[in-house]
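Structure file structure32.cif (mmCIF, C-alpha atoms and all ligand atoms) is printed below.
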data_start
#
loop_
_atom_site.label_atom_id
_atom_site.label_comp_id
_atom_site.auth_asym_id
_atom_site.auth_seq_id
_atom_site.Cartn_x
_atom_site.Cartn_y
_atom_site.Cartn_z
CA MET A 1 -15.22 1.41 -9.15
CA VAL A 2 -17.02 4.45 -7.80
CA MET A 3 -15.38 6.96 -5.54
CA THR A 4 -17.11 10.00 -4.19
CA THR A 5 -16.21 13.15 -2.37
CA SER A 6 -19.75 13.57 -1.06
CA ALA A 7 -21.39 12.12 2.02
CA SER A 8 -23.25 9.45 0.06
CA VAL A 9 -21.13 6.62 1.45
CA PRO A 10 -23.01 5.02 4.34
CA THR A 11 -21.36 5.97 7.61
CA GLY A 12 -24.34 5.83 9.96
CA SER A 13 -24.57 3.65 13.00
CA GLU A 14 -27.10 1.30 11.35
CA SER A 15 -24.60 0.27 8.71
CA ALA A 16 -21.61 0.01 11.03
CA ILE A 17 -23.16 -1.72 14.03
CA GLY A 18 -25.00 -4.99 13.67
CA ARG A 19 -26.23 -7.40 16.31
CA GLU A 20 -22.70 -8.65 16.83
CA GLY A 21 -21.13 -5.22 17.23
CA THR A 22 -19.02 -3.21 14.82
CA VAL A 23 -16.46 -4.65 12.46
CA THR A 24 -13.80 -3.30 14.80
CA ASP A 25 -15.36 -5.25 17.67
CA ARG A 26 -14.93 -8.38 15.54
CA LEU A 27 -11.30 -7.46 14.86
CA VAL A 28 -10.68 -7.17 18.59
CA GLU A 29 -12.33 -10.56 19.18
CA ALA A 30 -10.24 -12.14 16.43
CA ASN A 31 -7.15 -10.66 18.01
CA ALA A 32 -7.91 -12.29 21.33
CA GLU A 33 -7.92 -15.67 19.56
CA TYR A 34 -4.74 -14.79 17.69
CA ALA A 35 -2.94 -13.78 20.87
CA ALA A 36 -4.07 -16.94 22.66
CA ALA A 37 -2.25 -19.04 20.06
CA PHE A 38 0.69 -16.65 19.64
CA THR A 39 4.20 -17.47 20.75
CA ASP A 40 6.89 -14.81 20.83
CA PRO A 41 9.14 -15.46 17.82
CA GLY A 42 11.93 -13.58 19.58
CA MET A 43 12.76 -11.47 16.56
CA ASP A 44 14.15 -7.97 16.52
CA ALA A 45 12.69 -5.33 14.21
CA ARG A 46 15.02 -5.94 11.25
CA PRO A 47 13.21 -7.77 8.42
CA VAL A 48 14.66 -11.26 7.92
CA GLN A 49 14.56 -11.07 4.09
CA ARG A 50 15.92 -7.51 4.10
CA VAL A 51 13.22 -6.39 1.71
CA ALA A 52 10.66 -3.58 1.71
CA VAL A 53 7.48 -4.02 -0.33
CA VAL A 54 5.53 -0.97 -1.47
CA ALA A 55 2.03 -1.91 -2.57
CA CYS A 56 -1.49 -0.62 -3.12
CA MET A 57 -3.86 -0.90 -0.18
CA ASP A 58 -6.29 -2.89 -2.37
CA ALA A 59 -8.21 -5.45 -0.32
CA ARG A 60 -7.72 -8.18 -2.95
CA LEU A 61 -3.95 -8.17 -2.57
CA ASP A 62 -2.85 -10.46 0.26
CA LEU A 63 0.83 -9.55 0.12
CA HIS A 64 2.22 -12.16 2.46
CA ALA A 65 0.34 -15.03 0.84
CA ALA A 66 0.97 -13.81 -2.72
CA LEU A 67 4.72 -13.45 -2.17
CA GLY A 68 5.38 -16.37 0.16
CA LEU A 69 6.32 -14.03 2.97
CA HIS A 70 6.18 -14.91 6.63
CA LEU A 71 6.04 -12.99 9.88
CA GLY A 72 9.17 -10.88 10.27
CA ASP A 73 10.29 -11.21 6.65
CA CYS A 74 9.65 -7.76 5.25
CA HIS A 75 8.49 -4.21 5.64
CA THR A 76 5.15 -3.58 3.95
CA ILE A 77 4.37 0.01 3.00
CA ARG A 78 0.90 0.46 1.57
CA ASN A 79 -1.21 3.35 0.34
CA ALA A 80 -3.83 4.11 -2.31
CA GLY A 81 -2.17 3.04 -5.56
CA GLY A 82 1.09 1.90 -4.04
CA VAL A 83 2.55 5.17 -5.25
CA VAL A 84 5.95 6.43 -4.14
CA THR A 85 5.08 9.57 -2.20
CA ASP A 86 7.39 11.57 0.05
CA ASP A 87 6.01 9.60 2.97
CA VAL A 88 6.87 6.31 1.26
CA ILE A 89 10.41 7.61 0.74
CA ARG A 90 10.44 8.47 4.46
CA SER A 91 9.51 4.88 5.34
CA LEU A 92 11.98 3.38 2.85
CA THR A 93 14.75 5.59 4.19
CA ILE A 94 14.11 4.40 7.74
CA SER A 95 13.73 0.83 6.47
CA GLN A 96 17.16 0.90 4.84
CA ARG A 97 19.15 3.15 7.14
CA ALA A 98 17.80 2.04 10.52
CA LEU A 99 16.52 -1.46 9.90
CA GLY A 100 18.84 -2.94 7.33
CA THR A 101 16.69 -3.65 4.26
CA ARG A 102 18.47 -3.85 0.92
CA SER A 103 15.84 -4.69 -1.73
CA ILE A 104 12.63 -2.93 -2.78
CA ALA A 105 9.64 -4.44 -4.59
CA LEU A 106 6.94 -2.11 -5.94
CA ILE A 107 3.52 -3.63 -6.57
CA HIS A 108 0.60 -2.07 -8.43
CA HIS A 109 -2.35 -4.17 -9.60
CA THR A 110 -5.04 -4.56 -12.21
CA GLY A 111 -8.33 -2.73 -11.68
CA CYS A 112 -6.86 -0.12 -9.35
CA GLY A 113 -9.20 2.61 -8.12
CA LEU A 114 -6.56 5.23 -8.94
CA GLU A 115 -7.16 4.59 -12.65
CA SER A 116 -10.71 5.95 -12.40
CA LEU A 117 -9.73 9.16 -10.61
CA THR A 118 -8.11 12.34 -11.91
CA GLU A 119 -6.50 15.31 -10.25
CA GLU A 120 -9.98 16.85 -10.60
CA PHE A 121 -10.72 14.94 -7.39
CA ARG A 122 -8.74 17.60 -5.49
CA HIS A 123 -10.82 20.35 -7.07
CA GLU A 124 -14.05 18.55 -6.16
CA LEU A 125 -12.84 18.24 -2.58
CA GLU A 126 -12.02 21.94 -2.49
CA MET A 127 -15.50 22.80 -3.77
CA GLU A 128 -17.06 20.61 -1.10
CA VAL A 129 -15.02 21.46 1.99
CA GLY A 130 -13.46 24.81 1.10
CA GLN A 131 -9.92 23.56 1.26
CA ARG A 132 -7.72 21.99 -1.40
CA PRO A 133 -5.62 19.09 -0.13
CA ALA A 134 -1.86 19.59 -0.19
CA TRP A 135 -1.35 16.08 -1.54
CA ALA A 136 -1.58 15.00 -5.15
CA VAL A 137 -4.16 12.33 -5.98
CA GLU A 138 -1.43 10.43 -7.87
CA SER A 139 -4.00 8.97 -10.23
CA PHE A 140 -2.76 7.23 -13.37
CA ARG A 141 -3.98 5.97 -16.74
CA ASP A 142 -1.28 3.42 -17.57
CA VAL A 143 -0.37 1.10 -14.72
CA ASP A 144 2.93 -0.01 -16.31
CA GLN A 145 3.99 3.60 -16.75
CA ASP A 146 3.12 4.36 -13.15
CA VAL A 147 5.21 1.42 -11.94
CA ARG A 148 8.11 2.75 -14.04
CA GLN A 149 7.69 6.18 -12.53
CA SER A 150 7.64 4.67 -9.05
CA MET A 151 10.89 2.78 -9.75
CA LYS A 152 12.43 6.01 -10.99
CA ARG A 153 11.40 7.93 -7.90
CA VAL A 154 12.98 5.30 -5.68
CA ARG A 155 16.17 5.00 -7.72
CA THR A 156 16.72 8.74 -7.82
CA SER A 157 16.05 9.39 -4.15
CA PRO A 158 19.12 10.89 -2.48
CA PHE A 159 18.08 9.42 0.89
CA LEU A 160 18.22 5.72 0.04
CA LEU A 161 21.39 3.72 0.50
CA HIS A 162 20.48 0.75 -1.69
CA THR A 163 18.87 1.19 -5.10
CA GLY A 164 20.54 -1.64 -6.99
CA ASP A 165 17.71 -4.12 -6.40
CA VAL A 166 14.51 -2.21 -7.15
CA ARG A 167 11.90 -4.10 -9.16
CA GLY A 168 8.33 -3.26 -10.16
CA PHE A 169 5.31 -5.49 -10.77
CA VAL A 170 1.62 -5.52 -11.61
CA PHE A 171 -0.45 -8.01 -9.61
CA ASP A 172 -3.42 -9.50 -11.49
CA VAL A 173 -6.33 -9.60 -9.04
CA ARG A 174 -8.06 -12.23 -11.21
CA THR A 175 -5.22 -14.73 -11.54
CA GLY A 176 -3.06 -13.89 -8.54
CA LEU A 177 -0.02 -13.64 -10.80
CA LEU A 178 2.66 -10.97 -10.69
CA ARG A 179 3.90 -9.54 -13.96
CA GLU A 180 7.22 -7.73 -13.87
CA VAL A 181 7.43 -4.31 -15.50
CA ASP A 182 10.50 -3.53 -17.56
CA PRO A 183 12.05 -0.41 -16.05
CA ALA A 184 13.19 0.90 -19.44
ZN ZN B 201 -5.09 -0.12 -6.09
#

Once you've parsed the file, please lay out its structure as structure tokens.
Amino acid sequence: MVMTTSASVPTGSESAIGREGTVTDRLVEANAEYAAAFTDPGMDARPVQRVAVVACMDARLDLHAALGLHLGDCHTIRNAGGVVTDDVIRSLTISQRALGTRSIALIHHTGCGLESLTEEFRHELEMEVGQRPAWAVESFRDVDQDVRQSMKRVRTSPFLLHTGDVRGFVFDVRTGLLREVDPA
């Protein structure tokens, strides 16, 4: 997996707009079809399964399908790596204290882009744009260890009400299987 801080990723109009419009135009069209078939499930905002799932944003991880989740079942909190940042703690805190979730599942995966980055990425960004980002890259070498660290960050957060059911997993993008990581 190649990541770059430079402008070498195609962003021009030729690559983004084809004969049938931009990808976002297609999303909007797909939504019109979705809405046409949609019926109001009459739910409130509290997740039915009382669970929050923190996962990597990886495109190969279809969380609902992989976990047998349905509309309204869970909160899904996703970012690069599925790492437990302050903002993830913010979302989990609201999830538990305002919206009644009780369980937390943390999901990393095989072949994550974060494994090929280092904190050097921040330095490269600073060299390019003249400003160092305030955030950590949160890159990692050992996915199991990073899941363990994520579990620890959740369990030791003073803001969360429920830390008795926190479990961590690695999703295999080749087999679709979850493997649980021993917290110890
Ligand atoms: Zn990933």

Within 8 Å of ligand ZN 201 (chain B) (counting all atoms listed in the file), which residues show up? I'd like them as a list in words.
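Those residues are Cys56, Met57, Asp58, Ala80, Gly81, Gly82, His108, His109, Thr110, Gly111, Cys112, Gly113 and Leu114 of chain A.
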
Selection near region 83-98 of chain A, 8 Å with all atoms listed in the file, sequence-local residues under 3 positions removed, as a list in words
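Counting all atoms listed in the file, the residues come to Ala52, Val54, Ala55, Cys56, His75, Ile77, Asn79, Ala80, Thr101, Arg102, Glu138, Asp146, Ser150, Arg153, Val154, Ser157, Phe159, Leu160, Leu161 and His162 of chain A.
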
Here's a test: counting only C-alpha atoms, identify every protein, DNA and RNA residue with an atom at most 12 Å from (-3.2, 19.5, -3.0) in the file's coordinate frame, and state them as a ChimeraX atom specification.
/A:119-126,131-138

Next, the residues of the selection above should be written as a PDB file, in the coordinates of the input with C-alpha atoms.
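The resulting file, part34.pdb, is reproduced below:
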ATOM      1  CA  GLU A 119      -6.500  15.310 -10.250  1.00  0.00           C
ATOM      2  CA  GLU A 120      -9.980  16.850 -10.600  1.00  0.00           C
ATOM      3  CA  PHE A 121     -10.720  14.940  -7.390  1.00  0.00           C
ATOM      4  CA  ARG A 122      -8.740  17.600  -5.490  1.00  0.00           C
ATOM      5  CA  HIS A 123     -10.820  20.350  -7.070  1.00  0.00           C
ATOM      6  CA  GLU A 124     -14.050  18.550  -6.160  1.00  0.00           C
ATOM      7  CA  LEU A 125     -12.840  18.240  -2.580  1.00  0.00           C
ATOM      8  CA  GLU A 126     -12.020  21.940  -2.490  1.00  0.00           C
ATOM      9  CA  GLN A 131      -9.920  23.560   1.260  1.00  0.00           C
ATOM     10  CA  ARG A 132      -7.720  21.990  -1.400  1.00  0.00           C
ATOM     11  CA  PRO A 133      -5.620  19.090  -0.130  1.00  0.00           C
ATOM     12  CA  ALA A 134      -1.860  19.590  -0.190  1.00  0.00           C
ATOM     13  CA  TRP A 135      -1.350  16.080  -1.540  1.00  0.00           C
ATOM     14  CA  ALA A 136      -1.580  15.000  -5.150  1.00  0.00           C
ATOM     15  CA  VAL A 137      -4.160  12.330  -5.980  1.00  0.00           C
ATOM     16  CA  GLU A 138      -1.430  10.430  -7.870  1.00  0.00           C
TER      17      GLU A 138
END

Can you pull out every residue within 10 Å of Leu178 (chain A), counting all atoms listed in the file, but drop anything in the same chain fewer than 6 positions away, and send it as a ChimeraX atom specification?
/A:66-67,107-109,168-172

Polymer residues at most 7 Å from Arg46 (chain A), all atoms listed in the file, same-chain spacing of 2 or more positions, as a count of residues only
4

May I have the protein, DNA and RNA residues with any atom at most 7 Å from the point (13.4, 0.5, -8.9), counting all atoms listed in the file, written as a list in words?
Met151, Lys152, Val154, Arg155, Thr163, Asp165, Val166, Arg167 and Gly168 of chain A

Among the residues A:Ala45, A:Ala35, A:Val23, A:Val181, the one that comes closest to Cys74 (chain A) [using only C-alpha atoms]
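Counting only C-alpha atoms, the residue closest to Cys74 (chain A) is A:Ala45.
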
Among listed residues A:Val147, A:Leu117, A:Val28, A:Leu71, nearest Gly42 (chain A) (using only C-alpha atoms):
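Ranked by minimum distance to Gly42 (chain A), first place goes to A:Leu71.
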
Contacts of Asp73 (chain A) at 8 Å or less, counting only C-alpha atoms, minus same-chain residues fewer than 4 places along, as a compact mmCIF listing (two decimals) with C-alpha atoms, in the coordinates of the input?
# COMPACT_ATOMS: atom_id res chain seq x y z
CA PRO A 47 13.21 -7.77 8.42
CA VAL A 48 14.66 -11.26 7.92
CA GLN A 49 14.56 -11.07 4.09
CA ARG A 50 15.92 -7.51 4.10
CA VAL A 51 13.22 -6.39 1.71
CA LEU A 69 6.32 -14.03 2.97

Assuming 5 Å of padding per side, give the centre and edge lengths of the axis-aligned box around every listed atom of region 177-182 of chain A, in Å to one decimal and as lines of an AutoDock Vina configuration file.
center_x = 5.2
center_y = -8.6
center_z = -14.1
size_x = 20.5
size_y = 20.1
size_z = 16.9

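Closest approach to Thr175 (chain A) from the set A:His70, A:Asp25, A:Leu61, A:Arg141 is made by A:Leu61, with distances taken over only C-alpha atoms.
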
So what do you get for CA of Ser116 (chain A) versus CA of Ala65 (chain A), distance-wise?
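Those two atoms sit 27.2 Å apart.
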
Excluding same-chain residues fewer than 2 positions from Val53 (chain A), what lies within 6 Å of it counting only C-alpha atoms, as a PDB file with C-alpha atoms, in the frame of the given file?
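The new file out-v2.pdb reads:
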ATOM      1  CA  THR A  76       5.150  -3.580   3.950  1.00  0.00           C
ATOM      2  CA  ILE A 104      12.630  -2.930  -2.780  1.00  0.00           C
ATOM      3  CA  ALA A 105       9.640  -4.440  -4.590  1.00  0.00           C
ATOM      4  CA  LEU A 106       6.940  -2.110  -5.940  1.00  0.00           C
TER       5      LEU A 106
END

Just give me the gap between CA of Phe140 (chain A) and CA of Thr118 (chain A) in Å, one decimal is fine.
7.5 Å

For CA of Met43 (chain A) and CA of His64 (chain A), determine how far apart the two atoms are, in Å to one decimal place.
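One can read the CA of Met43 (chain A) to CA of His64 (chain A) distance as 17.6 Å.
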